[in-house]
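S.K.: Once you've had a glance at the structure underneath, I'll fire off some questions.
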Amino acid sequence: MIDHMGVQVADVDASARYYLEVFAPIGMQEVMRFPAGPAGGGDPDGSVSQGGSSVVVGLAGPDGIPKFWLSPAQGSEARELHVAFIAPDRQAVDAVHKAAVAAGSEVLHAPREFPEYHPGYYGVFLRDLDGHNVEAVFHGQ
């Protein structure tokens, strides 16, 4: 149902490093990078950064299609976003958890089954650099 999403962050480069490090076990990769703002045409959701001094980064999974975009925040944000990334198996979820702990990320919920969501739902919930709730999830049995 969702083709892609963009998230505005305080520091695009730092956030890109965080996502690439923590979600490497599920194949996350940077596939696009271009200037934000008028010179770069803004980000995929049409917003333009103040001053145009930052970048927009497109992240993809193993298929190489950018589906998760990071762009510079236009101001302070007080709402928490929740986004879940698909993991190919439980071992990948566990590897994301291990990478997150190594990166100093806050772990909201360690890897486990969440039967209240559905049988076989196995996930880890983390806090990213901007305070968002990010997750790696496997929908297996």
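Residue numbering restarts at 1 in every chain; chains get A, B, ... in the order shown in the structure tokens, and ligands count up from 1 in that same order.
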Do a neighbour search on stretch 16-25 of chain A at 7 Å with only C-alpha atoms, toss out local chain neighbours closer than 4 positions, and write the hits as a PyMOL selection string.

M.R.: chain A and resi 12+29+92+95-96+99-100

S.K.: Those selected residues, please, written with N, CA, C and O atoms and delivered as a PDB file, in the first residue's frame.

M.R.:
```pdb
ATOM      1  N   VAL A  12      20.875  14.986   8.675  1.00  0.00           N
ATOM      2  CA  VAL A  12      20.691  13.940   7.664  1.00  0.00           C
ATOM      3  C   VAL A  12      21.870  12.972   7.643  1.00  0.00           C
ATOM      4  O   VAL A  12      21.677  11.751   7.623  1.00  0.00           O
ATOM      5  N   GLN A  29      20.637   0.025   2.470  1.00  0.00           N
ATOM      6  CA  GLN A  29      21.747   0.637   1.756  1.00  0.00           C
ATOM      7  C   GLN A  29      21.356   2.023   1.261  1.00  0.00           C
ATOM      8  O   GLN A  29      20.182   2.296   1.025  1.00  0.00           O
ATOM      9  N   ALA A  92      17.960 -11.980  11.509  1.00  0.00           N
ATOM     10  CA  ALA A  92      18.195 -10.601  11.070  1.00  0.00           C
ATOM     11  C   ALA A  92      17.667  -9.610  12.107  1.00  0.00           C
ATOM     12  O   ALA A  92      18.297  -8.586  12.381  1.00  0.00           O
ATOM     13  N   ALA A  95      20.134  -9.554  14.788  1.00  0.00           N
ATOM     14  CA  ALA A  95      21.338  -8.843  14.350  1.00  0.00           C
ATOM     15  C   ALA A  95      21.122  -7.329  14.379  1.00  0.00           C
ATOM     16  O   ALA A  95      22.042  -6.576  14.722  1.00  0.00           O
ATOM     17  N   VAL A  96      19.921  -6.866  14.045  1.00  0.00           N
ATOM     18  CA  VAL A  96      19.608  -5.440  14.153  1.00  0.00           C
ATOM     19  C   VAL A  96      19.710  -5.014  15.612  1.00  0.00           C
ATOM     20  O   VAL A  96      20.288  -3.973  15.928  1.00  0.00           O
ATOM     21  N   ALA A  99      23.339  -4.712  16.547  1.00  0.00           N
ATOM     22  CA  ALA A  99      23.935  -3.512  15.943  1.00  0.00           C
ATOM     23  C   ALA A  99      23.464  -2.249  16.661  1.00  0.00           C
ATOM     24  O   ALA A  99      24.233  -1.309  16.864  1.00  0.00           O
ATOM     25  N   ALA A 100      22.192  -2.228  17.058  1.00  0.00           N
ATOM     26  CA  ALA A 100      21.641  -1.065  17.762  1.00  0.00           C
ATOM     27  C   ALA A 100      22.310  -0.888  19.121  1.00  0.00           C
ATOM     28  O   ALA A 100      22.669   0.229  19.504  1.00  0.00           O
TER      29      ALA A 100
END
```

S.K.: Env of A:Gly64: 10 Å cut, atoms = only C-alpha atoms, seq-sep filter 5 positions within chain, self excluded. Answer as a ChimeraX atom specification.

M.R.: /A:27-32,58-59

S.K.: Could the residues in this selection be saved with N, CA, C and O atoms as a PDB file, in the first residue's frame?

M.R.:
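Writing the result to part25.pdb gives the following:
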```pdb
ATOM      1  N   GLY A  27      19.851  -5.515   5.082  1.00  0.00           N
ATOM      2  CA  GLY A  27      20.212  -5.105   3.729  1.00  0.00           C
ATOM      3  C   GLY A  27      19.981  -3.644   3.398  1.00  0.00           C
ATOM      4  O   GLY A  27      19.989  -3.270   2.220  1.00  0.00           O
ATOM      5  N   MET A  28      19.796  -2.785   4.417  1.00  0.00           N
ATOM      6  CA  MET A  28      19.578  -1.370   4.130  1.00  0.00           C
ATOM      7  C   MET A  28      20.839  -0.783   3.518  1.00  0.00           C
ATOM      8  O   MET A  28      21.946  -1.051   3.963  1.00  0.00           O
ATOM      9  N   GLN A  29      20.637   0.025   2.470  1.00  0.00           N
ATOM     10  CA  GLN A  29      21.747   0.637   1.756  1.00  0.00           C
ATOM     11  C   GLN A  29      21.356   2.023   1.261  1.00  0.00           C
ATOM     12  O   GLN A  29      20.182   2.296   1.025  1.00  0.00           O
ATOM     13  N   GLU A  30      22.348   2.889   1.138  1.00  0.00           N
ATOM     14  CA  GLU A  30      22.115   4.209   0.557  1.00  0.00           C
ATOM     15  C   GLU A  30      22.184   4.064  -0.959  1.00  0.00           C
ATOM     16  O   GLU A  30      23.165   3.542  -1.484  1.00  0.00           O
ATOM     17  N   VAL A  31      21.145   4.540  -1.658  1.00  0.00           N
ATOM     18  CA  VAL A  31      21.136   4.426  -3.107  1.00  0.00           C
ATOM     19  C   VAL A  31      21.032   5.776  -3.817  1.00  0.00           C
ATOM     20  O   VAL A  31      21.259   5.850  -5.019  1.00  0.00           O
ATOM     21  N   MET A  32      20.689   6.825  -3.082  1.00  0.00           N
ATOM     22  CA  MET A  32      20.619   8.154  -3.683  1.00  0.00           C
ATOM     23  C   MET A  32      21.034   9.197  -2.652  1.00  0.00           C
ATOM     24  O   MET A  32      20.774   9.035  -1.466  1.00  0.00           O
ATOM     25  N   GLY A  58      18.308   8.821   0.008  1.00  0.00           N
ATOM     26  CA  GLY A  58      17.349   7.750  -0.248  1.00  0.00           C
ATOM     27  C   GLY A  58      17.940   6.421   0.177  1.00  0.00           C
ATOM     28  O   GLY A  58      19.026   6.044  -0.286  1.00  0.00           O
ATOM     29  N   LEU A  59      17.247   5.711   1.062  1.00  0.00           N
ATOM     30  CA  LEU A  59      17.692   4.409   1.550  1.00  0.00           C
ATOM     31  C   LEU A  59      16.795   3.326   0.962  1.00  0.00           C
ATOM     32  O   LEU A  59      15.597   3.535   0.762  1.00  0.00           O
TER      33      LEU A  59
END
```

S.K.: Determine which residues of stretch 23-103 of chain A DSSP labels as strand (DSSP E or B) from the backbone of this structure, then write them out as a list in words.

M.R.: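 Matching residues, listed in order: Gln29, Glu30, Val31, Met32, Arg33, Phe34, Pro35, Val55, Val56, Val57, Gly58, Leu59, Ala60, Pro66, Lys67, Phe68, Trp69, Leu70, Ser71, Pro72, His82, Val83, Ala84, Phe85 and Ile86 of chain A.
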
S.K.: Got time to write the residues from that selection, C-alpha atoms, as an mmCIF file, in the first residue's frame?

M.R.:
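What landed in part.cif:
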```cif
data_model
loop_
_atom_site.group_PDB
_atom_site.id
_atom_site.type_symbol
_atom_site.label_atom_id
_atom_site.label_comp_id
_atom_site.auth_asym_id
_atom_site.auth_seq_id
_atom_site.Cartn_x
_atom_site.Cartn_y
_atom_site.Cartn_z
ATOM 1 C CA GLN A 29 21.747 0.637 1.756
ATOM 2 C CA GLU A 30 22.115 4.209 0.557
ATOM 3 C CA VAL A 31 21.136 4.426 -3.107
ATOM 4 C CA MET A 32 20.619 8.154 -3.683
ATOM 5 C CA ARG A 33 22.012 11.424 -2.316
ATOM 6 C CA PHE A 34 21.460 14.914 -3.658
ATOM 7 C CA PRO A 35 21.460 18.507 -2.380
ATOM 8 C CA VAL A 55 21.322 16.734 1.540
ATOM 9 C CA VAL A 56 18.488 14.328 0.908
ATOM 10 C CA VAL A 57 19.329 10.634 1.233
ATOM 11 C CA GLY A 58 17.349 7.750 -0.248
ATOM 12 C CA LEU A 59 17.692 4.409 1.550
ATOM 13 C CA ALA A 60 16.672 1.053 0.102
ATOM 14 C CA PRO A 66 14.720 3.966 -2.461
ATOM 15 C CA LYS A 67 11.698 3.722 -0.195
ATOM 16 C CA PHE A 68 12.882 5.517 2.956
ATOM 17 C CA TRP A 69 14.012 9.123 2.514
ATOM 18 C CA LEU A 70 15.844 11.341 4.997
ATOM 19 C CA SER A 71 15.706 15.103 4.525
ATOM 20 C CA PRO A 72 16.551 18.141 6.660
ATOM 21 C CA HIS A 82 6.828 4.753 14.118
ATOM 22 C CA VAL A 83 8.229 2.856 11.134
ATOM 23 C CA ALA A 84 8.937 -0.858 10.793
ATOM 24 C CA PHE A 85 11.417 -2.362 8.345
ATOM 25 C CA ILE A 86 10.949 -5.913 7.029
#
```

S.K.: Apply DSSP to the backbone of this structure and, from stretch 51-112 of chain A, keep only the residues in helix (DSSP H, G or I); write these as an MDAnalysis selection string.

M.R.: chainID A and resid 90:102

S.K.: Taking C-alpha atoms for each residue, export the selection above as a PDB file, in the first residue's frame.

M.R.:
```
ATOM      1  CA  ARG A  90      14.463 -13.841  13.157  1.00  0.00           C
ATOM      2  CA  GLN A  91      18.253 -13.909  12.966  1.00  0.00           C
ATOM      3  CA  ALA A  92      18.195 -10.601  11.070  1.00  0.00           C
ATOM      4  CA  VAL A  93      15.975  -9.044  13.768  1.00  0.00           C
ATOM      5  CA  ASP A  94      18.437 -10.252  16.404  1.00  0.00           C
ATOM      6  CA  ALA A  95      21.338  -8.843  14.350  1.00  0.00           C
ATOM      7  CA  VAL A  96      19.608  -5.440  14.153  1.00  0.00           C
ATOM      8  CA  HIS A  97      19.245  -5.528  17.939  1.00  0.00           C
ATOM      9  CA  LYS A  98      22.941  -6.337  18.340  1.00  0.00           C
ATOM     10  CA  ALA A  99      23.935  -3.512  15.943  1.00  0.00           C
ATOM     11  CA  ALA A 100      21.641  -1.065  17.762  1.00  0.00           C
ATOM     12  CA  VAL A 101      23.152  -1.911  21.156  1.00  0.00           C
ATOM     13  CA  ALA A 102      26.664  -1.536  19.694  1.00  0.00           C
TER      14      ALA A 102
END
```

S.K.: Using Å and a single decimal, report how far atom CA of A:Gly6 sits from atom CA of A:His139.

M.R.: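 Between these atoms lies a distance of 23.7 Å.
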
S.K.: Between stretch 74-111 of chain A and stretch 118-131 of chain A, at 6 Å or less, what are the per-residue closest atom pairs and their distances in Å? Count only C-alpha atoms, order by chain and rising residue number, and return it as a Markdown table.

M.R.:
```
| residue | atom | partner | partner_atom | distance |
| --- | --- | --- | --- | --- |
| A:Glu106 | CA | A:Arg127 | CA | 5.3 |
| A:Val107 | CA | A:Leu126 | CA | 4.6 |
| A:Leu108 | CA | A:Leu126 | CA | 5.1 |
| A:His109 | CA | A:Phe125 | CA | 4.9 |
| A:Ala110 | CA | A:Val124 | CA | 5.2 |
| A:Pro111 | CA | A:Val124 | CA | 4.3 |
```

S.K.: Got time to write the residues from that selection, N, CA and C atoms, as a PDB file, in the first residue's frame?

M.R.:
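As written to disk, part_26.pdb reads:
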```
ATOM      1  N   GLU A 106      18.871   3.417  22.097  1.00  0.00           N
ATOM      2  CA  GLU A 106      17.928   3.006  23.139  1.00  0.00           C
ATOM      3  C   GLU A 106      17.059   1.871  22.593  1.00  0.00           C
ATOM      4  N   VAL A 107      16.972   0.786  23.334  1.00  0.00           N
ATOM      5  CA  VAL A 107      16.129  -0.345  22.947  1.00  0.00           C
ATOM      6  C   VAL A 107      14.808  -0.205  23.690  1.00  0.00           C
ATOM      7  N   LEU A 108      13.741  -0.021  22.955  1.00  0.00           N
ATOM      8  CA  LEU A 108      12.410   0.113  23.552  1.00  0.00           C
ATOM      9  C   LEU A 108      11.838  -1.248  23.922  1.00  0.00           C
ATOM     10  N   HIS A 109      11.990  -2.214  23.022  1.00  0.00           N
ATOM     11  CA  HIS A 109      11.562  -3.600  23.265  1.00  0.00           C
ATOM     12  C   HIS A 109      12.581  -4.515  22.610  1.00  0.00           C
ATOM     13  N   ALA A 110      13.232  -5.341  23.404  1.00  0.00           N
ATOM     14  CA  ALA A 110      14.190  -6.306  22.878  1.00  0.00           C
ATOM     15  C   ALA A 110      13.463  -7.300  21.973  1.00  0.00           C
ATOM     16  N   PRO A 111      14.205  -7.993  21.116  1.00  0.00           N
ATOM     17  CA  PRO A 111      13.555  -8.934  20.198  1.00  0.00           C
ATOM     18  C   PRO A 111      12.733  -9.984  20.932  1.00  0.00           C
TER      19      PRO A 111
END
```
